[in-house]
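Shown next: query-v1.cif, containing mmCIF, N, CA and C atoms.
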```
data_protein
#
loop_
_atom_site.label_atom_id
_atom_site.label_comp_id
_atom_site.auth_asym_id
_atom_site.auth_seq_id
_atom_site.Cartn_x
_atom_site.Cartn_y
_atom_site.Cartn_z
N MET A 1 -5.52 30.15 -18.41
CA MET A 1 -5.92 28.90 -17.79
C MET A 1 -6.97 29.22 -16.72
N SER A 2 -8.03 28.47 -16.74
CA SER A 2 -9.12 28.72 -15.80
C SER A 2 -8.80 28.12 -14.43
N GLU A 3 -9.59 28.52 -13.45
CA GLU A 3 -9.43 28.01 -12.07
C GLU A 3 -9.62 26.50 -12.02
N ASP A 4 -10.63 25.99 -12.76
CA ASP A 4 -10.89 24.55 -12.76
C ASP A 4 -9.73 23.77 -13.35
N GLN A 5 -9.13 24.30 -14.41
CA GLN A 5 -8.00 23.62 -15.06
C GLN A 5 -6.79 23.56 -14.14
N SER A 6 -6.50 24.65 -13.43
CA SER A 6 -5.34 24.65 -12.54
C SER A 6 -5.54 23.67 -11.39
N CYS A 7 -6.77 23.56 -10.87
CA CYS A 7 -7.04 22.58 -9.82
C CYS A 7 -6.94 21.16 -10.34
N ALA A 8 -7.39 20.95 -11.57
CA ALA A 8 -7.31 19.61 -12.17
C ALA A 8 -5.86 19.19 -12.38
N ASP A 9 -4.99 20.14 -12.72
CA ASP A 9 -3.58 19.82 -12.92
C ASP A 9 -2.91 19.42 -11.62
N LEU A 10 -3.37 19.95 -10.50
CA LEU A 10 -2.76 19.65 -9.20
C LEU A 10 -3.36 18.43 -8.51
N ALA A 11 -4.42 17.87 -9.05
CA ALA A 11 -5.12 16.76 -8.39
C ALA A 11 -4.20 15.57 -8.08
N PRO A 12 -3.37 15.09 -9.04
CA PRO A 12 -2.49 13.96 -8.70
C PRO A 12 -1.46 14.31 -7.62
N ILE A 13 -0.97 15.54 -7.63
CA ILE A 13 0.02 15.96 -6.63
C ILE A 13 -0.64 16.03 -5.26
N LYS A 14 -1.85 16.60 -5.20
CA LYS A 14 -2.56 16.67 -3.92
C LYS A 14 -2.80 15.26 -3.38
N TRP A 15 -3.17 14.33 -4.23
CA TRP A 15 -3.43 12.96 -3.80
C TRP A 15 -2.16 12.33 -3.24
N ASN A 16 -1.02 12.50 -3.92
CA ASN A 16 0.24 11.93 -3.45
C ASN A 16 0.62 12.48 -2.08
N TRP A 17 0.46 13.77 -1.88
CA TRP A 17 0.81 14.34 -0.58
C TRP A 17 -0.17 13.91 0.50
N PHE A 18 -1.43 13.72 0.15
CA PHE A 18 -2.41 13.25 1.11
C PHE A 18 -2.06 11.83 1.57
N VAL A 19 -1.67 11.00 0.64
CA VAL A 19 -1.28 9.63 0.97
C VAL A 19 -0.05 9.63 1.88
N ARG A 20 0.93 10.46 1.56
CA ARG A 20 2.12 10.54 2.41
C ARG A 20 1.77 11.02 3.81
N LEU A 21 0.87 11.98 3.90
CA LEU A 21 0.43 12.48 5.21
C LEU A 21 -0.22 11.36 6.02
N ILE A 22 -1.03 10.56 5.37
CA ILE A 22 -1.67 9.43 6.06
C ILE A 22 -0.61 8.47 6.57
N TRP A 23 0.32 8.06 5.72
CA TRP A 23 1.32 7.06 6.10
C TRP A 23 2.22 7.57 7.22
N PHE A 24 2.88 8.70 7.00
CA PHE A 24 3.84 9.18 7.98
C PHE A 24 3.16 9.69 9.25
N GLY A 25 2.01 10.32 9.09
CA GLY A 25 1.30 10.83 10.26
C GLY A 25 0.82 9.72 11.17
N SER A 26 0.28 8.67 10.59
CA SER A 26 -0.22 7.59 11.44
C SER A 26 0.91 6.83 12.11
N ILE A 27 1.99 6.57 11.38
CA ILE A 27 3.13 5.88 11.99
C ILE A 27 3.71 6.74 13.12
N GLY A 28 3.87 8.03 12.86
CA GLY A 28 4.39 8.93 13.89
C GLY A 28 3.49 9.00 15.10
N PHE A 29 2.18 9.05 14.89
CA PHE A 29 1.24 9.11 16.00
C PHE A 29 1.34 7.87 16.88
N PHE A 30 1.33 6.70 16.27
CA PHE A 30 1.37 5.48 17.07
C PHE A 30 2.73 5.29 17.75
N GLN A 31 3.81 5.76 17.15
CA GLN A 31 5.10 5.71 17.84
C GLN A 31 5.09 6.65 19.04
N TYR A 32 4.48 7.82 18.88
CA TYR A 32 4.36 8.75 20.00
C TYR A 32 3.57 8.12 21.14
N VAL A 33 2.49 7.43 20.82
CA VAL A 33 1.67 6.78 21.84
C VAL A 33 2.50 5.73 22.58
N GLU A 34 3.32 4.99 21.87
CA GLU A 34 4.15 3.97 22.51
C GLU A 34 5.21 4.61 23.41
N ILE A 35 5.80 5.71 22.99
CA ILE A 35 6.79 6.39 23.83
C ILE A 35 6.12 6.95 25.08
N ALA A 36 4.94 7.54 24.94
CA ALA A 36 4.20 8.05 26.10
C ALA A 36 3.85 6.90 27.05
N ARG A 37 3.53 5.76 26.50
CA ARG A 37 3.22 4.58 27.31
C ARG A 37 4.47 4.14 28.09
N TYR A 38 5.61 4.15 27.42
CA TYR A 38 6.87 3.77 28.06
C TYR A 38 7.23 4.74 29.18
N LEU A 39 7.05 6.04 28.93
CA LEU A 39 7.36 7.04 29.95
C LEU A 39 6.40 6.93 31.13
N GLY A 40 5.24 6.35 30.92
CA GLY A 40 4.28 6.13 31.99
C GLY A 40 4.59 4.90 32.82
N GLY A 41 5.70 4.21 32.52
CA GLY A 41 6.12 3.07 33.31
C GLY A 41 5.72 1.73 32.73
N GLN A 42 5.09 1.72 31.58
CA GLN A 42 4.72 0.45 30.98
C GLN A 42 5.79 0.00 30.00
N MET A 43 5.67 -1.25 29.55
CA MET A 43 6.65 -1.81 28.64
C MET A 43 6.59 -1.12 27.29
N TYR A 44 7.75 -0.84 26.70
CA TYR A 44 7.84 -0.22 25.38
C TYR A 44 7.76 -1.30 24.32
N ARG A 45 6.84 -1.14 23.38
CA ARG A 45 6.66 -2.10 22.29
C ARG A 45 6.84 -1.36 20.96
N PRO A 46 8.08 -1.21 20.50
CA PRO A 46 8.31 -0.37 19.32
C PRO A 46 7.62 -0.89 18.06
N PHE A 47 7.57 -2.19 17.90
CA PHE A 47 6.97 -2.72 16.67
C PHE A 47 5.45 -2.67 16.70
N PHE A 48 4.86 -2.59 17.89
CA PHE A 48 3.42 -2.43 17.96
C PHE A 48 3.02 -1.10 17.34
N GLY A 49 3.74 -0.05 17.69
CA GLY A 49 3.44 1.27 17.13
C GLY A 49 3.62 1.30 15.62
N LEU A 50 4.67 0.68 15.14
CA LEU A 50 4.92 0.62 13.70
C LEU A 50 3.82 -0.18 13.01
N HIS A 51 3.51 -1.33 13.57
CA HIS A 51 2.49 -2.20 12.99
C HIS A 51 1.12 -1.51 12.98
N ALA A 52 0.75 -0.92 14.10
CA ALA A 52 -0.54 -0.23 14.18
C ALA A 52 -0.59 0.95 13.22
N GLY A 53 0.51 1.68 13.11
CA GLY A 53 0.56 2.82 12.18
C GLY A 53 0.40 2.39 10.74
N VAL A 54 1.06 1.32 10.36
CA VAL A 54 0.96 0.83 8.98
C VAL A 54 -0.46 0.34 8.69
N LEU A 55 -1.04 -0.40 9.62
CA LEU A 55 -2.41 -0.88 9.40
C LEU A 55 -3.41 0.28 9.30
N PHE A 56 -3.28 1.24 10.19
CA PHE A 56 -4.17 2.40 10.17
C PHE A 56 -4.01 3.18 8.87
N ALA A 57 -2.76 3.39 8.45
CA ALA A 57 -2.51 4.11 7.21
C ALA A 57 -3.07 3.36 6.01
N LEU A 58 -2.95 2.05 6.01
CA LEU A 58 -3.47 1.25 4.91
C LEU A 58 -5.00 1.36 4.84
N ILE A 59 -5.66 1.29 5.98
CA ILE A 59 -7.11 1.42 6.01
C ILE A 59 -7.53 2.81 5.53
N MET A 60 -6.86 3.85 6.00
CA MET A 60 -7.19 5.21 5.58
C MET A 60 -6.93 5.41 4.09
N TRP A 61 -5.88 4.77 3.58
CA TRP A 61 -5.56 4.87 2.16
C TRP A 61 -6.68 4.27 1.32
N PHE A 62 -7.17 3.10 1.73
CA PHE A 62 -8.27 2.48 1.00
C PHE A 62 -9.54 3.32 1.08
N ILE A 63 -9.82 3.89 2.24
CA ILE A 63 -11.01 4.74 2.38
C ILE A 63 -10.88 5.98 1.51
N ALA A 64 -9.71 6.61 1.52
CA ALA A 64 -9.50 7.80 0.69
C ALA A 64 -9.62 7.45 -0.79
N GLY A 65 -9.10 6.30 -1.20
CA GLY A 65 -9.22 5.87 -2.59
C GLY A 65 -10.67 5.62 -2.98
N ALA A 66 -11.44 5.04 -2.08
CA ALA A 66 -12.86 4.81 -2.36
C ALA A 66 -13.60 6.12 -2.49
N ILE A 67 -13.30 7.08 -1.63
CA ILE A 67 -13.95 8.39 -1.71
C ILE A 67 -13.58 9.08 -3.02
N ARG A 68 -12.31 8.98 -3.41
CA ARG A 68 -11.87 9.58 -4.67
C ARG A 68 -12.58 8.93 -5.86
N ASN A 69 -12.70 7.60 -5.85
CA ASN A 69 -13.37 6.91 -6.96
C ASN A 69 -14.85 7.28 -7.03
N ILE A 70 -15.49 7.38 -5.89
CA ILE A 70 -16.90 7.78 -5.87
C ILE A 70 -17.06 9.18 -6.44
N ALA A 71 -16.17 10.09 -6.05
CA ALA A 71 -16.24 11.47 -6.55
C ALA A 71 -16.00 11.51 -8.06
N GLN A 72 -15.06 10.72 -8.56
CA GLN A 72 -14.79 10.70 -10.00
C GLN A 72 -15.97 10.12 -10.77
N ARG A 73 -16.59 9.08 -10.24
CA ARG A 73 -17.76 8.50 -10.91
C ARG A 73 -18.92 9.49 -10.93
N ARG A 74 -19.10 10.19 -9.81
CA ARG A 74 -20.18 11.18 -9.74
C ARG A 74 -19.93 12.30 -10.75
N GLN A 75 -18.68 12.74 -10.88
CA GLN A 75 -18.34 13.78 -11.85
C GLN A 75 -18.59 13.29 -13.27
N ALA A 76 -18.18 12.04 -13.55
CA ALA A 76 -18.36 11.51 -14.90
C ALA A 76 -19.84 11.34 -15.22
N ARG A 77 -20.65 11.00 -14.25
CA ARG A 77 -22.08 10.82 -14.47
C ARG A 77 -22.77 12.14 -14.76
N HIS A 78 -22.32 13.21 -14.12
CA HIS A 78 -22.95 14.51 -14.29
C HIS A 78 -22.31 15.34 -15.39
N ARG A 79 -21.24 14.86 -15.98
CA ARG A 79 -20.56 15.58 -17.05
C ARG A 79 -21.41 15.46 -18.31
N PRO A 80 -21.67 16.58 -18.97
CA PRO A 80 -22.49 16.52 -20.20
C PRO A 80 -21.72 15.79 -21.31
N SER A 81 -22.37 14.91 -21.98
CA SER A 81 -21.72 14.17 -23.08
C SER A 81 -21.74 15.04 -24.33
N THR A 82 -20.63 15.00 -25.05
CA THR A 82 -20.52 15.83 -26.26
C THR A 82 -20.43 14.97 -27.48
#
```

Can the structure in the file be given as structure tokens, please?
Amino acid sequence: MSEDQSCADLAPIKWNWFVRLIWFGSIGFFQYVEIARYLGGQMYRPFFGLHAGVLFALIMWFIAGAIRNIAQRRQARHRPST
């Protein structure tokens, strides 16, 4: 099996883990920001962090999907037809 084939086999798995990283990472980041805000003496807004994390993850997911689609179209355009 060639190097290109092994990378192609892992492409869907890499995409799934990238999406999970976006979702969980962004939610965790915004929850951390809210806890730091609370420790600084301000009001704790737990659902703001969750809401902001979900929105950010959704936007990043769409951007990543657009980048993936552009890359696939570019590959298909440059692929020699047989």

Choose the residue, out of A:Met60, A:His51, A:Ala66, A:His78, that has the smallest atom-to-atom separation from Ile22 (chain A); count all atoms listed in the file.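 Closest candidate: A:Met60.
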
Pick the closest to Glu34 (chain A) from A:Leu21, A:Leu58, A:Ala52, A:Ala71: which is it, counting only C-alpha atoms? A:Ala52

To one decimal place in Å, what is the distance between atom N of Met43 (chain A) and atom N of Leu55 (chain A)?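 Separation of atom N of Met43 (chain A) and atom N of Leu55 (chain A): 21.0 Å.
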
Take CA of Val54 (chain A) and CA of Phe24 (chain A) and report the distance between them in Å, one decimal.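 For CA of Val54 (chain A) relative to CA of Phe24 (chain A), the distance reads 8.9 Å.
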
Name the residues captured by the PyMOL selection byres (((chain A and resi 45 and name CA) around 12) and name CA) when it is applied to the shown file; answer as a ChimeraX atom specification. /A:30-39,42-44,46-52

Could you write those residues out with N, CA and C atoms, as a PDB file, in the frame of the given file?
```
ATOM      1  N   PHE A  30       1.330   6.700  16.270  1.00  0.00           N
ATOM      2  CA  PHE A  30       1.370   5.480  17.070  1.00  0.00           C
ATOM      3  C   PHE A  30       2.730   5.290  17.750  1.00  0.00           C
ATOM      4  N   GLN A  31       3.810   5.760  17.150  1.00  0.00           N
ATOM      5  CA  GLN A  31       5.100   5.710  17.840  1.00  0.00           C
ATOM      6  C   GLN A  31       5.090   6.650  19.040  1.00  0.00           C
ATOM      7  N   TYR A  32       4.480   7.820  18.880  1.00  0.00           N
ATOM      8  CA  TYR A  32       4.360   8.750  20.000  1.00  0.00           C
ATOM      9  C   TYR A  32       3.570   8.120  21.140  1.00  0.00           C
ATOM     10  N   VAL A  33       2.490   7.430  20.820  1.00  0.00           N
ATOM     11  CA  VAL A  33       1.670   6.780  21.840  1.00  0.00           C
ATOM     12  C   VAL A  33       2.500   5.730  22.580  1.00  0.00           C
ATOM     13  N   GLU A  34       3.320   4.990  21.870  1.00  0.00           N
ATOM     14  CA  GLU A  34       4.150   3.970  22.510  1.00  0.00           C
ATOM     15  C   GLU A  34       5.210   4.610  23.410  1.00  0.00           C
ATOM     16  N   ILE A  35       5.800   5.710  22.990  1.00  0.00           N
ATOM     17  CA  ILE A  35       6.790   6.390  23.830  1.00  0.00           C
ATOM     18  C   ILE A  35       6.120   6.950  25.080  1.00  0.00           C
ATOM     19  N   ALA A  36       4.940   7.540  24.940  1.00  0.00           N
ATOM     20  CA  ALA A  36       4.200   8.050  26.100  1.00  0.00           C
ATOM     21  C   ALA A  36       3.850   6.900  27.050  1.00  0.00           C
ATOM     22  N   ARG A  37       3.530   5.760  26.500  1.00  0.00           N
ATOM     23  CA  ARG A  37       3.220   4.580  27.310  1.00  0.00           C
ATOM     24  C   ARG A  37       4.470   4.140  28.090  1.00  0.00           C
ATOM     25  N   TYR A  38       5.610   4.150  27.420  1.00  0.00           N
ATOM     26  CA  TYR A  38       6.870   3.770  28.060  1.00  0.00           C
ATOM     27  C   TYR A  38       7.230   4.740  29.180  1.00  0.00           C
ATOM     28  N   LEU A  39       7.050   6.040  28.930  1.00  0.00           N
ATOM     29  CA  LEU A  39       7.360   7.040  29.950  1.00  0.00           C
ATOM     30  C   LEU A  39       6.400   6.930  31.130  1.00  0.00           C
ATOM     31  N   GLN A  42       5.090   1.720  31.580  1.00  0.00           N
ATOM     32  CA  GLN A  42       4.720   0.450  30.980  1.00  0.00           C
ATOM     33  C   GLN A  42       5.790   0.000  30.000  1.00  0.00           C
ATOM     34  N   MET A  43       5.670  -1.250  29.550  1.00  0.00           N
ATOM     35  CA  MET A  43       6.650  -1.810  28.640  1.00  0.00           C
ATOM     36  C   MET A  43       6.590  -1.120  27.290  1.00  0.00           C
ATOM     37  N   TYR A  44       7.750  -0.840  26.700  1.00  0.00           N
ATOM     38  CA  TYR A  44       7.840  -0.220  25.380  1.00  0.00           C
ATOM     39  C   TYR A  44       7.760  -1.300  24.320  1.00  0.00           C
ATOM     40  N   PRO A  46       8.080  -1.210  20.500  1.00  0.00           N
ATOM     41  CA  PRO A  46       8.310  -0.370  19.320  1.00  0.00           C
ATOM     42  C   PRO A  46       7.620  -0.890  18.060  1.00  0.00           C
ATOM     43  N   PHE A  47       7.570  -2.190  17.900  1.00  0.00           N
ATOM     44  CA  PHE A  47       6.970  -2.720  16.670  1.00  0.00           C
ATOM     45  C   PHE A  47       5.450  -2.670  16.700  1.00  0.00           C
ATOM     46  N   PHE A  48       4.860  -2.590  17.890  1.00  0.00           N
ATOM     47  CA  PHE A  48       3.420  -2.430  17.960  1.00  0.00           C
ATOM     48  C   PHE A  48       3.020  -1.100  17.340  1.00  0.00           C
ATOM     49  N   GLY A  49       3.740  -0.050  17.690  1.00  0.00           N
ATOM     50  CA  GLY A  49       3.440   1.270  17.130  1.00  0.00           C
ATOM     51  C   GLY A  49       3.620   1.300  15.620  1.00  0.00           C
ATOM     52  N   LEU A  50       4.670   0.680  15.140  1.00  0.00           N
ATOM     53  CA  LEU A  50       4.920   0.620  13.700  1.00  0.00           C
ATOM     54  C   LEU A  50       3.820  -0.180  13.010  1.00  0.00           C
ATOM     55  N   HIS A  51       3.510  -1.330  13.570  1.00  0.00           N
ATOM     56  CA  HIS A  51       2.490  -2.200  12.990  1.00  0.00           C
ATOM     57  C   HIS A  51       1.120  -1.510  12.980  1.00  0.00           C
ATOM     58  N   ALA A  52       0.750  -0.920  14.100  1.00  0.00           N
ATOM     59  CA  ALA A  52      -0.540  -0.230  14.180  1.00  0.00           C
ATOM     60  C   ALA A  52      -0.590   0.950  13.220  1.00  0.00           C
TER      61      ALA A  52
END
```

Please measure the separation of atom C of Gln72 (chain A) and atom C of Val19 (chain A), giving the value in Å to one decimal.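 These two atoms are separated by 20.3 Å.
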